[in-house]
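Structure file coords_2.cif (mmCIF, C-alpha atoms) follows.
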```cif
data_start
#
loop_
_atom_site.label_atom_id
_atom_site.label_comp_id
_atom_site.auth_asym_id
_atom_site.auth_seq_id
_atom_site.Cartn_x
_atom_site.Cartn_y
_atom_site.Cartn_z
CA MET A 1 36.11 -31.34 -12.27
CA LYS A 2 32.64 -32.55 -13.19
CA ASP A 3 32.04 -33.78 -9.63
CA THR A 4 32.53 -30.34 -8.22
CA ASN A 5 30.00 -28.94 -10.65
CA VAL A 6 27.28 -31.30 -9.40
CA LEU A 7 28.14 -30.37 -5.84
CA GLU A 8 28.07 -26.65 -6.61
CA ALA A 9 24.75 -27.02 -8.41
CA LEU A 10 23.22 -28.67 -5.34
CA LYS A 11 24.53 -25.90 -3.08
CA GLU A 12 23.11 -23.29 -5.40
CA ALA A 13 19.76 -25.09 -5.46
CA LEU A 14 19.56 -25.24 -1.65
CA ARG A 15 20.35 -21.55 -1.40
CA ARG A 16 16.97 -20.82 -2.94
CA LEU A 17 15.40 -21.72 0.40
CA PRO A 18 14.67 -18.80 2.72
CA GLY A 19 17.33 -18.33 5.39
CA VAL A 20 19.91 -20.51 3.65
CA GLY A 21 23.19 -18.83 2.82
CA PRO A 22 26.33 -20.38 1.24
CA LYS A 23 27.60 -21.74 4.54
CA SER A 24 24.41 -23.50 5.60
CA ALA A 25 23.90 -24.79 2.06
CA GLN A 26 27.32 -26.40 2.22
CA ARG A 27 26.55 -27.94 5.60
CA MET A 28 23.32 -29.44 4.26
CA VAL A 29 25.05 -30.85 1.19
CA PHE A 30 27.80 -32.56 3.21
CA HIS A 31 25.33 -33.86 5.74
CA LEU A 32 23.07 -35.39 3.12
CA LEU A 33 25.88 -36.89 1.06
CA GLU A 34 28.04 -38.17 3.88
CA ARG A 35 25.53 -39.22 6.49
CA ASP A 36 22.04 -39.47 5.09
CA ARG A 37 21.79 -40.46 1.46
CA GLU A 38 18.45 -42.15 2.10
CA GLY A 39 17.13 -38.90 3.58
CA ALA A 40 18.35 -37.06 0.52
CA ARG A 41 16.37 -39.43 -1.71
CA GLN A 42 13.28 -38.90 0.43
CA ILE A 43 13.59 -35.12 0.21
CA ALA A 44 14.04 -35.26 -3.54
CA GLN A 45 11.04 -37.55 -3.98
CA ALA A 46 8.82 -35.55 -1.61
CA LEU A 47 9.70 -32.33 -3.40
CA LEU A 48 8.92 -33.77 -6.81
CA THR A 49 5.61 -35.21 -5.67
CA ALA A 50 4.60 -31.97 -3.97
CA VAL A 51 5.53 -29.80 -6.92
CA ASP A 52 3.61 -32.04 -9.31
CA ARG A 53 0.53 -32.64 -7.21
CA ILE A 54 -0.12 -29.53 -5.12
CA THR A 55 -2.14 -26.78 -6.75
CA HIS A 56 -4.57 -24.17 -5.47
CA CYS A 57 -7.97 -25.11 -4.11
CA LYS A 58 -10.49 -23.92 -6.67
CA ARG A 59 -12.68 -22.42 -3.98
CA CYS A 60 -10.42 -20.88 -1.31
CA ASN A 61 -7.18 -20.53 -3.30
CA ASN A 62 -5.16 -22.23 -0.55
CA LEU A 63 -2.51 -24.79 -1.46
CA SER A 64 -4.18 -28.16 -1.86
CA GLU A 65 -3.55 -31.64 -3.16
CA HIS A 66 -7.11 -31.96 -4.40
CA GLU A 67 -9.31 -29.71 -6.48
CA LEU A 68 -11.19 -28.84 -3.30
CA CYS A 69 -9.08 -28.59 -0.12
CA ALA A 70 -9.95 -30.48 3.07
CA ILE A 71 -11.46 -27.41 4.76
CA CYS A 72 -13.66 -26.46 1.81
CA ALA A 73 -14.80 -30.07 1.40
CA SER A 74 -15.61 -30.60 5.07
CA PRO A 75 -19.36 -30.82 5.87
CA ARG A 76 -18.64 -29.70 9.44
CA ARG A 77 -17.56 -26.18 8.46
CA ASP A 78 -20.05 -23.30 8.42
CA PRO A 79 -20.47 -22.39 4.73
CA THR A 80 -22.05 -19.00 5.50
CA LEU A 81 -18.86 -17.67 7.13
CA LEU A 82 -15.84 -16.69 5.05
CA CYS A 83 -12.52 -15.55 6.52
CA ILE A 84 -10.07 -13.62 4.31
CA VAL A 85 -6.36 -14.11 5.01
CA GLU A 86 -3.21 -12.97 3.21
CA SER A 87 -1.26 -16.22 3.19
CA PRO A 88 -1.49 -19.98 3.87
CA ALA A 89 0.65 -19.39 6.99
CA ASP A 90 -2.03 -17.03 8.35
CA LEU A 91 -4.66 -19.67 7.69
CA VAL A 92 -2.66 -22.26 9.64
CA SER A 93 -2.32 -19.85 12.59
CA LEU A 94 -6.05 -19.21 12.67
CA GLU A 95 -6.80 -22.93 12.43
CA GLN A 96 -4.50 -23.58 15.38
CA SER A 97 -6.47 -21.06 17.44
CA GLY A 98 -9.30 -23.58 17.14
CA VAL A 99 -12.17 -21.08 17.42
CA TYR A 100 -12.99 -20.49 13.79
CA ASN A 101 -15.38 -22.85 12.12
CA GLY A 102 -16.12 -21.23 8.78
CA LEU A 103 -14.41 -21.32 5.41
CA TYR A 104 -11.43 -19.30 4.14
CA PHE A 105 -10.24 -17.38 1.16
CA VAL A 106 -6.46 -16.99 0.78
CA LEU A 107 -5.37 -13.90 -1.14
CA MET A 108 -1.73 -14.98 -1.56
CA GLY A 109 -0.70 -11.38 -1.00
CA ARG A 110 -2.21 -7.99 -0.23
CA LEU A 111 -2.89 -4.76 -2.02
CA SER A 112 0.36 -2.88 -2.28
CA PRO A 113 0.00 -0.08 -4.80
CA LEU A 114 3.61 1.05 -4.50
CA ASP A 115 4.75 -2.41 -5.57
CA GLY A 116 2.26 -2.49 -8.41
CA ILE A 117 0.10 -5.14 -6.71
CA GLY A 118 -3.53 -4.33 -7.34
CA PRO A 119 -6.88 -6.13 -6.95
CA ASP A 120 -6.35 -8.43 -9.95
CA GLU A 121 -2.99 -9.65 -8.69
CA ILE A 122 -4.43 -10.93 -5.41
CA GLY A 123 -7.36 -12.85 -6.83
CA ILE A 124 -10.11 -10.33 -6.12
CA PRO A 125 -12.11 -11.40 -9.22
CA ARG A 126 -12.20 -14.97 -7.87
CA LEU A 127 -13.33 -13.71 -4.49
CA GLU A 128 -16.10 -11.71 -6.15
CA ALA A 129 -17.28 -14.80 -7.99
CA LEU A 130 -17.40 -16.65 -4.66
CA LEU A 131 -19.41 -13.84 -3.06
CA ASN A 132 -21.80 -13.85 -6.00
CA GLU A 133 -22.69 -17.49 -5.36
CA GLY A 134 -24.86 -16.18 -2.54
CA ALA A 135 -24.15 -18.67 0.26
CA ILE A 136 -21.97 -16.37 2.35
CA LYS A 137 -23.61 -14.29 5.07
CA GLU A 138 -20.55 -12.86 6.81
CA VAL A 139 -17.00 -12.09 5.70
CA VAL A 140 -14.32 -11.89 8.42
CA LEU A 141 -11.42 -9.70 7.30
CA ALA A 142 -8.27 -11.15 8.84
CA THR A 143 -5.59 -9.38 6.79
CA ASN A 144 -2.59 -8.10 8.78
CA PRO A 145 -2.87 -4.83 10.70
CA THR A 146 -0.27 -3.15 8.47
CA ALA A 147 -1.07 -0.21 6.21
CA GLU A 148 -1.32 -2.53 3.20
CA GLY A 149 -3.37 -5.08 5.12
CA GLU A 150 -5.78 -2.35 6.24
CA ALA A 151 -6.15 -1.07 2.70
CA THR A 152 -6.86 -4.61 1.53
CA ALA A 153 -9.45 -5.11 4.28
CA HIS A 154 -11.18 -1.86 3.40
CA TYR A 155 -11.18 -2.64 -0.29
CA ILE A 156 -12.76 -6.04 0.25
CA SER A 157 -15.24 -4.69 2.80
CA GLU A 158 -16.59 -2.37 0.10
CA LEU A 159 -17.06 -5.28 -2.29
CA VAL A 160 -18.77 -7.27 0.43
CA ARG A 161 -21.13 -4.52 1.56
CA GLY A 162 -22.00 -3.71 -2.04
CA ARG A 163 -23.50 -7.21 -2.11
CA HIS A 164 -25.43 -6.71 1.16
CA ILE A 165 -23.23 -9.18 3.04
CA ARG A 166 -21.97 -8.49 6.56
CA ALA A 167 -18.26 -7.55 6.75
CA THR A 168 -16.36 -7.76 10.06
CA ARG A 169 -12.74 -6.96 10.92
CA ILE A 170 -10.68 -8.88 13.48
CA ALA A 171 -10.10 -6.88 16.68
CA TYR A 172 -6.86 -5.23 17.79
CA GLY A 173 -5.61 -5.48 21.30
CA VAL A 174 -3.10 -6.30 23.96
CA PRO A 175 -1.67 -9.83 23.59
CA VAL A 176 -3.03 -12.36 26.08
CA GLY A 177 -0.56 -12.68 28.95
CA GLY A 178 1.12 -9.42 27.87
CA GLU A 179 1.69 -6.33 29.94
CA LEU A 180 0.43 -2.85 29.17
CA GLU A 181 3.77 -1.33 30.13
CA TYR A 182 5.48 -3.12 27.26
CA THR A 183 2.73 -2.78 24.66
CA ASP A 184 3.38 -0.27 21.89
CA ARG A 185 1.42 2.96 21.83
CA ASN A 186 -0.49 2.32 18.63
CA THR A 187 -1.76 -1.04 19.81
CA LEU A 188 -2.81 0.51 23.13
CA ALA A 189 -4.59 3.35 21.33
CA ARG A 190 -6.57 0.85 19.27
CA ALA A 191 -7.24 -1.34 22.28
CA ILE A 192 -8.77 1.64 24.04
CA SER A 193 -10.82 2.85 21.07
CA GLY A 194 -12.03 -0.69 20.38
CA ARG A 195 -12.95 -1.48 24.01
CA HIS A 196 -16.14 -3.40 24.74
CA GLU A 197 -18.58 -4.01 27.61
CA ALA A 198 -16.94 -5.94 30.44
CA MET B 1 27.85 10.84 7.63
CA ARG B 2 25.90 10.30 10.81
CA VAL B 3 22.43 11.75 11.32
CA GLN B 4 20.40 11.53 14.49
CA GLN B 5 16.86 12.37 15.58
CA GLN B 6 15.69 13.39 12.15
CA PRO B 7 11.91 13.57 11.72
CA ALA B 8 10.73 11.14 9.06
CA PHE B 9 7.85 9.23 7.51
CA ILE B 10 8.25 5.84 5.89
CA LEU B 11 6.93 6.03 2.34
CA HIS B 12 7.51 2.45 1.39
CA GLN B 13 9.12 -0.68 2.74
CA ARG B 14 10.20 -3.95 1.22
CA HIS B 15 11.47 -7.15 2.76
CA TYR B 16 15.20 -7.61 2.37
CA SER B 17 17.03 -10.86 3.11
CA GLU B 18 15.70 -12.88 6.04
CA THR B 19 15.21 -10.31 8.75
CA SER B 20 15.80 -6.86 7.27
CA LEU B 21 13.80 -4.16 5.57
CA LEU B 22 14.58 -1.77 2.75
CA LEU B 23 12.96 1.57 3.43
CA ASP B 24 12.21 4.73 1.55
CA ALA B 25 11.87 7.49 4.10
CA PHE B 26 10.85 11.12 3.64
CA THR B 27 12.66 13.64 5.84
CA PRO B 28 12.55 17.45 5.94
CA ASN B 29 16.31 18.10 5.76
CA TYR B 30 17.53 15.23 3.60
CA GLY B 31 14.50 14.65 1.39
CA ARG B 32 13.71 11.13 0.29
CA ILE B 33 16.36 8.65 1.41
CA GLY B 34 16.95 4.95 1.02
CA LEU B 35 17.67 3.01 4.21
CA ILE B 36 18.33 -0.52 5.24
CA ALA B 37 16.88 -1.54 8.61
CA LYS B 38 18.94 -4.51 9.69
CA GLY B 39 17.14 -7.11 11.75
CA ALA B 40 13.91 -5.09 11.79
CA ARG B 41 11.85 -8.21 11.08
CA ARG B 42 13.28 -10.32 13.88
CA PRO B 43 10.49 -11.42 16.25
CA ARG B 44 11.84 -9.41 19.17
CA SER B 45 13.06 -6.38 17.22
CA ARG B 46 12.31 -3.05 18.88
CA LEU B 47 11.49 -1.70 15.44
CA GLN B 48 8.55 -4.05 14.96
CA GLY B 49 5.37 -2.12 14.45
CA ILE B 50 7.22 1.19 14.36
CA LEU B 51 8.52 1.37 10.80
CA ARG B 52 5.15 1.84 9.16
CA PRO B 53 3.77 4.39 6.74
CA PHE B 54 1.87 7.36 8.26
CA GLN B 55 3.69 7.06 11.59
CA PRO B 56 5.72 10.18 12.51
CA LEU B 57 9.20 9.01 13.45
CA LEU B 58 12.52 10.28 14.68
CA ILE B 59 15.22 8.30 12.96
CA GLY B 60 18.99 8.11 12.81
CA TRP B 61 21.23 6.64 10.14
CA SER B 62 24.83 6.42 9.10
CA GLY B 63 26.50 6.19 5.73
CA ARG B 64 26.09 8.05 2.49
CA GLY B 65 25.19 7.08 -1.03
CA GLU B 66 22.07 5.29 -2.21
CA LEU B 67 21.54 3.14 0.86
CA ALA B 68 22.36 4.23 4.41
CA VAL B 69 22.01 2.06 7.50
CA LEU B 70 19.22 2.85 9.94
CA THR B 71 20.77 3.22 13.40
CA GLY B 72 17.66 3.99 15.39
CA ALA B 73 13.98 4.85 15.18
CA GLU B 74 11.37 5.93 17.66
CA THR B 75 7.83 7.17 17.29
CA GLU B 76 7.19 10.88 17.51
CA GLY B 77 3.67 10.82 18.86
CA PRO B 78 0.81 8.57 17.80
CA ASP B 79 0.39 7.51 14.17
CA PHE B 80 -2.00 9.24 11.83
CA ALA B 81 -4.57 6.53 12.16
CA ILE B 82 -6.01 7.09 8.71
CA ASP B 83 -8.31 4.41 7.40
CA ARG B 84 -10.71 3.56 4.62
CA GLN B 85 -10.69 6.01 1.70
CA ALA B 86 -8.20 8.23 3.55
CA LEU B 87 -5.74 5.34 3.59
CA TYR B 88 -5.90 5.11 -0.21
CA CYS B 89 -5.21 8.86 -0.30
CA GLY B 90 -2.17 8.29 1.92
CA PHE B 91 -0.84 5.63 -0.44
CA TYR B 92 -1.50 7.95 -3.36
CA MET B 93 0.58 10.73 -1.78
CA ASN B 94 3.35 8.25 -0.99
CA GLU B 95 3.36 6.96 -4.54
CA LEU B 96 3.60 10.51 -5.91
CA LEU B 97 6.55 11.26 -3.61
CA MET B 98 8.27 8.01 -4.57
CA ARG B 99 7.83 8.74 -8.24
CA LEU B 100 8.50 12.47 -8.38
CA LEU B 101 11.15 13.22 -5.75
CA HIS B 102 14.79 12.54 -6.39
CA ARG B 103 16.67 11.06 -3.49
CA HIS B 104 18.62 13.48 -1.24
CA ASP B 105 16.84 16.65 -2.39
CA PRO B 106 15.66 18.41 0.77
CA HIS B 107 12.02 19.60 0.70
CA GLU B 108 11.26 21.10 4.07
CA ALA B 109 8.07 22.90 3.03
CA LEU B 110 6.74 19.80 1.29
CA TYR B 111 7.41 17.72 4.39
CA THR B 112 5.29 20.15 6.41
CA CYS B 113 2.58 20.00 3.77
CA TYR B 114 2.66 16.17 3.74
CA ARG B 115 2.30 16.09 7.49
CA SER B 116 -0.60 18.52 7.55
CA SER B 117 -2.27 16.62 4.69
CA LEU B 118 -2.15 13.42 6.73
CA SER B 119 -3.57 15.32 9.67
CA ALA B 120 -6.39 16.65 7.49
CA LEU B 121 -7.09 13.17 6.11
CA ARG B 122 -7.46 11.87 9.63
CA ALA B 123 -9.84 14.71 10.47
CA ASP B 124 -11.91 13.49 7.53
CA LYS B 125 -12.04 16.70 5.56
CA THR B 126 -12.93 16.33 1.90
CA ASN B 127 -10.31 13.88 0.67
CA GLU B 128 -10.11 15.21 -2.86
CA ALA B 129 -9.43 18.80 -1.85
CA ILE B 130 -6.56 17.69 0.40
CA LEU B 131 -4.98 15.77 -2.47
CA ARG B 132 -5.25 18.71 -4.91
CA VAL B 133 -3.56 21.07 -2.47
CA PHE B 134 -0.84 18.50 -1.81
CA GLU B 135 -0.29 18.04 -5.55
CA LYS B 136 -0.02 21.82 -6.00
CA HIS B 137 2.70 22.05 -3.34
CA LEU B 138 4.48 18.99 -4.73
CA LEU B 139 4.63 20.47 -8.24
CA ARG B 140 5.97 23.76 -6.88
CA GLU B 141 8.65 21.94 -4.88
CA ILE B 142 9.94 20.01 -7.85
CA GLY B 143 10.14 23.15 -9.95
CA TYR B 144 6.92 22.95 -11.95
CA GLY B 145 4.72 25.27 -9.91
CA LEU B 146 1.40 26.22 -11.47
CA VAL B 147 0.49 29.77 -12.44
CA LEU B 148 -2.86 30.35 -10.79
CA ASP B 149 -3.15 34.10 -10.27
CA HIS B 150 -2.66 35.74 -13.65
CA ASP B 151 -3.36 35.30 -17.34
CA ILE B 152 -0.05 34.57 -19.04
CA GLY B 153 -1.32 36.27 -22.23
CA ASP B 154 -1.84 39.79 -20.90
CA ASN B 155 -0.69 39.49 -17.25
CA SER B 156 -4.15 40.44 -16.01
CA ALA B 157 -5.46 38.99 -12.76
CA ILE B 158 -7.59 35.84 -13.02
CA ARG B 159 -11.32 36.63 -13.10
CA ALA B 160 -13.61 34.19 -11.37
CA ASP B 161 -16.34 34.52 -13.98
CA ALA B 162 -14.06 34.02 -17.02
CA LEU B 163 -13.06 30.79 -18.78
CA TYR B 164 -9.41 29.81 -19.24
CA ASP B 165 -7.30 27.32 -21.13
CA TYR B 166 -4.43 26.15 -18.94
CA ILE B 167 -1.42 25.48 -21.16
CA PRO B 168 0.90 22.97 -19.44
CA GLU B 169 4.28 24.36 -18.35
CA ARG B 170 3.09 27.88 -19.14
CA GLY B 171 -0.18 28.86 -17.50
CA PRO B 172 -3.75 29.99 -18.03
CA VAL B 173 -4.89 31.99 -21.07
CA ARG B 174 -8.33 33.52 -21.12
CA VAL B 175 -10.71 32.04 -23.68
CA ALA B 176 -11.84 35.05 -25.69
CA ASN B 177 -15.00 33.53 -27.10
CA PRO B 178 -16.17 30.37 -25.31
CA ASP B 179 -18.99 29.79 -27.82
CA LEU B 180 -16.59 29.63 -30.71
CA ASN B 181 -15.53 26.07 -31.31
CA THR B 182 -11.82 26.87 -31.34
CA ARG B 183 -9.15 24.21 -31.14
CA HIS B 184 -8.63 23.17 -27.52
CA LYS B 185 -5.16 24.42 -26.64
CA GLY B 186 -4.98 23.38 -23.03
CA ILE B 187 -7.08 22.25 -20.10
CA ARG B 188 -10.27 24.31 -20.00
CA LEU B 189 -11.54 25.49 -16.63
CA ARG B 190 -13.26 28.40 -14.90
CA GLY B 191 -11.32 31.27 -13.36
CA ALA B 192 -13.14 30.44 -10.12
CA SER B 193 -11.46 27.03 -10.05
CA LEU B 194 -7.99 28.52 -10.61
CA LEU B 195 -8.56 30.97 -7.76
CA ALA B 196 -9.91 28.25 -5.48
CA LEU B 197 -6.79 26.19 -6.11
CA ALA B 198 -4.61 29.26 -5.46
CA ASN B 199 -6.42 30.02 -2.19
CA GLU B 200 -6.79 26.34 -1.28
CA THR B 201 -10.54 26.66 -0.88
CA LEU B 202 -11.81 23.86 -3.12
CA ASP B 203 -15.28 23.33 -1.82
CA ASP B 204 -17.77 22.73 -4.60
CA LEU B 205 -18.07 19.79 -6.95
CA THR B 206 -17.42 21.68 -10.20
CA THR B 207 -14.25 23.22 -8.76
CA LEU B 208 -13.07 19.84 -7.50
CA ARG B 209 -13.74 18.21 -10.85
CA GLU B 210 -11.92 20.93 -12.80
CA ALA B 211 -8.98 20.97 -10.40
CA LYS B 212 -8.67 17.20 -10.65
CA ASN B 213 -8.73 17.32 -14.43
CA LEU B 214 -6.02 20.02 -14.45
CA MET B 215 -3.79 18.21 -11.96
CA ARG B 216 -4.20 14.87 -13.64
CA THR B 217 -3.11 16.21 -17.02
CA ILE B 218 -0.14 18.09 -15.57
CA LEU B 219 0.99 15.19 -13.36
CA THR B 220 0.78 12.71 -16.21
CA ARG B 221 3.36 14.80 -18.09
CA HIS B 222 5.81 14.32 -15.21
CA LEU B 223 4.95 10.73 -14.34
CA GLY B 224 5.43 9.32 -17.82
CA ASP B 225 3.69 6.23 -19.15
CA LYS B 226 3.79 4.11 -16.00
CA PRO B 227 0.38 4.36 -14.30
CA LEU B 228 -0.18 5.28 -10.66
CA TYR B 229 -1.20 2.04 -9.03
CA SER B 230 -2.88 3.60 -6.01
CA ARG B 231 -5.47 5.16 -8.36
CA ARG B 232 -6.74 1.67 -9.15
CA LEU B 233 -7.96 1.39 -5.56
CA PHE B 234 -10.24 4.39 -5.99
CA TYR B 235 -11.74 3.22 -9.28
CA ALA B 236 -12.89 -0.08 -7.94
CA THR B 237 -14.40 1.18 -4.70
CA THR B 238 -17.03 3.19 -6.51
CA ALA B 239 -17.93 0.35 -8.87
CA PRO B 240 -19.46 -2.20 -6.47
CA THR B 241 -21.63 0.44 -4.80
CA VAL B 242 -23.04 1.35 -8.17
CA ALA B 243 -23.59 -2.32 -8.95
CA GLY B 244 -25.33 -2.71 -5.59
CA ILE B 245 -27.69 0.16 -6.32
CA GLU B 246 -28.45 -1.23 -9.75
CA ARG B 247 -29.26 -4.61 -8.27
CA LYS B 248 -31.60 -2.97 -5.79
CA VAL B 249 -33.40 -1.15 -8.56
CA ASN B 250 -33.79 -4.31 -10.62
CA THR B 251 -35.25 -6.41 -7.85
#
```

Can you present the structure in this file as C-alpha cells?
Amino acid sequence: MKDTNVLEALKEALRRLPGVGPKSAQRMVFHLLERDREGARQIAQALLTAVDRITHCKRCNNLSEHELCAICASPRRDPTLLCIVESPADLVSLEQSGVYNGLYFVLMGRLSPLDGIGPDEIGIPRLEALLNEGAIKEVVLATNPTAEGEATAHYISELVRGRHIRATRIAYGVPVGGELEYTDRNTLARAISGRHEA
Amino acid sequence: MRVQQQPAFILHQRHYSETSLLLDAFTPNYGRIGLIAKGARRPRSRLQGILRPFQPLLIGWSGRGELAVLTGAETEGPDFAIDRQALYCGFYMNELLMRLLHRHDPHEALYTCYRSSLSALRADKTNEAILRVFEKHLLREIGYGLVLDHDIGDNSAIRADALYDYIPERGPVRVANPDLNTRHKGIRLRGASLLALANETLDDLTTLREAKNLMRTILTRHLGDKPLYSRRLFYATTAPTVAGIERKVNT
C-alpha cells in the first residue's frame, strides 16, 4: 500500500510541469523507474541544485546563478543600451537573433490591469532605479505586440522619456520568408504604416 | 444552444491549460459571455492574433451555462488600433464592463456605445470626455441612470448658472445658499456640468473635473472596495513627467 503512495506522489509531482497530464506523468514514472534510475537521480540532483542556486540577477532581473548574470557582467556588451522584455524566454529568442549587443531588463510579466497586475508587480521600481543610475542612453521596448504588451511599452516609455532618455519600440512587420497573402490584416496594416525608405 | 456570426469584442483573456484560452467577450445580443477557445494558442492556430481586445469580431459558440465553447472567430474589419493613453482608456472601459455587467444580460445600446467610444479614442478626441459619456451610458444600462435634467427637489429644469448637490441614487438638488457652510449632502457641482454631461458636450476643464468627481463617487458605490486596477496606469504616467519638469527646474 505504501509503495503505491510513493508512486502516486511522484506522478502528482510530475504533473506540475506544463503539458504533462496524468498519462504522460505515468509514462515518465515507469520509464525512470524501470529503465533509467541513474537518469532519475540526475534529474533530482539537477533540480535541487537549480532551485537552491538560481536566483534573479540583481541588475536585469533575469534568472541567474550569480548575483550578476553573464550578460550583465560581460565587458563586451554596450552598457548604454537597455532592452526590456517580458520573460526570460523572450530574452533567449533575442539573444539567438545575434544582432543585439546591449543589456536587458526582464519584467517577468506585463501590465495586465484586469488581472490586477500593475507596475509594482512587474518590477517597475527596480527598472526606475536602474534608469536613475544614468548610464543608459537608449531603452529598446521589446514587450509583445499584444494589448497588454503595448500598454506596458507605453507605460515604460513615459518613465524613460521623463528622464530624458531615448525610448524606441521594436518594429512590426511581415515575417521574413513569409507571404503577404497569408499575413493577417493587422500585421499588414502596421507594416504599411511603419514602412521605411527602401 | 448554437450561435453564429455574432459581433463581439474580447474584454479579457486568460491562458487555460496548454493551448487554450478563457475569454470574456462582450456581444450585443447575449451581453458578456464566458468562452473557452480550444487550441487557440497552438502555433498554427487560425485564431492567433485575432482574439485580442479592441478587435471587432464575428464569433460563434455552442453550449450554454457559464462557459460555452468558441466554434469560430473572424475579424470584422481592422482593429481599433488605439495606443498610448487611449489604450489605458480601453482597458479601463473593459475593466468596468467586467466588473459591472452580469453575464448573459444583453446590452445592445451599450455595445454600440462601447464601439463608438473605441472609435472616438482612436480618433484622439479628449480621452476623459469619452470615458465620462461611456460611464453615463453604462450606469443607465445597469439600471442606475443619472438624473441630469431636473432638480429632484422641485422638478425644475437644471440651470447652468446654479450650484447643485448630487445625491447618489437620487439626483441633483439645488444648493439654496452656496455661501452658507451647510453640511455637504452630496457631490457638489455646477448646473453647467450636469447639462454638459446630459448633452455629452464636456469640453472645458472645470466641467471635466466635476463630471469625473461625480462619476467616480457614483461608480465607487457600485464597484465596492476592490480598486480599479487600470486607474493605476493613469496615476503613474503623470508622475514621471512632473518629476522630469522638477529636475529641469532644479538644474

Subject >> Distance-based interface of chain A with chain B, 8 Å, counting only C-alpha atoms, as a PyMOL selection string >> reply: chain A and resi 18-19+113-114+116-119+146-147+150-151+154-155+158-159+162-164+184-186

Subject >> Contact residues around segment 131-134 of chain B with only C-alpha atoms at 12 Å, ignoring same-chain residues under 2 positions, as a ChimeraX atom specification >> reply: /B:86,88-94,96-97,109-118,120-121,125-129,136-141,145-146,193-194,196-203,207-216,218-219

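For the residues A:Ala89, A:Leu32, A:Ile43, A:Leu107, ranking by smallest atom-to-atom distance to Cys57 of chain A using only C-alpha atoms places A:Leu107 first.
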
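Residue nearest Ser45 of chain B within the list B:Gly143, B:Ser156, B:His107, B:Ala73: B:Ala73 [criterion: smallest interatomic distance, all atoms listed in the file].
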
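Nearest-residue note for Ser74 of chain A: choosing from A:Leu103, A:Ile122, A:Val51, A:Val176, the minimum distance belongs to A:Leu103, counting all atoms listed in the file.
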
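Those residues returned by the PyMOL selection byres ((chain A and resi 169) around 12) for this file are Leu82, Cys83, Ile84, Val85, Glu138, Val139, Val140, Leu141, Ala142, Thr143, Asn144, Pro145, Gly149, Glu150, Thr152, Ala153, His154, Ile156, Ser157, Arg166, Ala167, Thr168, Ile170, Ala171, Tyr172 and Gly194 of chain A.
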
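The space between atom CA of Ser62 of chain B and atom CA of Gly21 of chain A spans 26.1 Å.
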
**OP:** Using all atoms listed in the file, give me every residue within 8 Å of (-11.6, -14.9, -3.7) in file coordinates, as a ChimeraX atom specification.
**Re:** /A:59-61,105-107,123-131

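Of the residues listed (A:Ile192, A:Pro75, A:Ile136, A:Val99), A:Ile192 shows the shortest atom-to-atom separation from Leu180 of chain A; distances use all atoms listed in the file.
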
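As for atom CA of Thr55 of chain A and atom CA of Val92 of chain A, they are spaced 17.0 Å apart.
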
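Of note, atom CA of Pro178 of chain B and atom CA of His222 of chain B are spaced 29.0 Å apart.
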
Original post:
If you apply the PyMOL selection byres ((chain B and resi 150) around 10) to this file, what residues do you get, as a PyMOL selection string?
Top reply: chain B and resi 147-149+151-159+171-174+191+194-195

**OP:** Please evaluate the PyMOL selection byres ((chain A and resi 174) around 9) against the structure above and give the resulting residues as a VMD selection string.
**Re:** chain A and resid 172 to 173 175 to 180 183 187 to 188 191

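Shortest separation to Glu86 of chain A among A:Glu65, A:Arg41, A:Glu148, A:Ala9 occurs at residue A:Glu148, atoms counted being only C-alpha atoms.
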
Report the centre and edge lengths, in Å to one decimal, of an axis-aligned box enclosing every atom of segment 9-25 of chain A listed in the file, padded by 4 Å on each side, as AutoDock Vina command-line options.
```
--center_x 21.1 --center_y -23.5 --center_z -1.4 --size_x 20.9 --size_y 18.3 --size_z 22.0
```

Could you rebuild segment 132-142 of chain A with N, CA and C atoms and give it back as a CSV table (one decimal), keeping the file's coordinate frame?
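To be explicit, this is the file written out as result-v4.csv:
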```
chain,number,residue,atom,x,y,z
A,132,ASN,N,-20.6,-13.9,-5.2
A,132,ASN,CA,-21.8,-13.8,-6.0
A,132,ASN,C,-22.6,-15.1,-5.9
A,133,GLU,N,-22.0,-16.2,-5.5
A,133,GLU,CA,-22.7,-17.5,-5.4
A,133,GLU,C,-23.8,-17.4,-4.4
A,134,GLY,N,-23.7,-16.5,-3.4
A,134,GLY,CA,-24.9,-16.2,-2.5
A,134,GLY,C,-25.0,-16.9,-1.2
A,135,ALA,N,-24.0,-17.9,-1.0
A,135,ALA,CA,-24.2,-18.7,0.3
A,135,ALA,C,-23.6,-17.9,1.5
A,136,ILE,N,-22.7,-17.0,1.2
A,136,ILE,CA,-22.0,-16.4,2.4
A,136,ILE,C,-22.8,-15.2,3.0
A,137,LYS,N,-22.8,-15.3,4.3
A,137,LYS,CA,-23.6,-14.3,5.1
A,137,LYS,C,-22.7,-13.3,5.8
A,138,GLU,N,-21.5,-13.8,6.1
A,138,GLU,CA,-20.6,-12.9,6.8
A,138,GLU,C,-19.1,-13.1,6.3
A,139,VAL,N,-18.4,-12.0,6.1
A,139,VAL,CA,-17.0,-12.1,5.7
A,139,VAL,C,-16.1,-11.5,6.8
A,140,VAL,N,-15.2,-12.3,7.3
A,140,VAL,CA,-14.3,-11.9,8.4
A,140,VAL,C,-13.0,-11.5,7.8
A,141,LEU,N,-12.6,-10.2,7.9
A,141,LEU,CA,-11.4,-9.7,7.3
A,141,LEU,C,-10.2,-9.9,8.2
A,142,ALA,N,-9.4,-10.9,8.0
A,142,ALA,CA,-8.3,-11.2,8.8
A,142,ALA,C,-6.9,-10.9,8.1
```
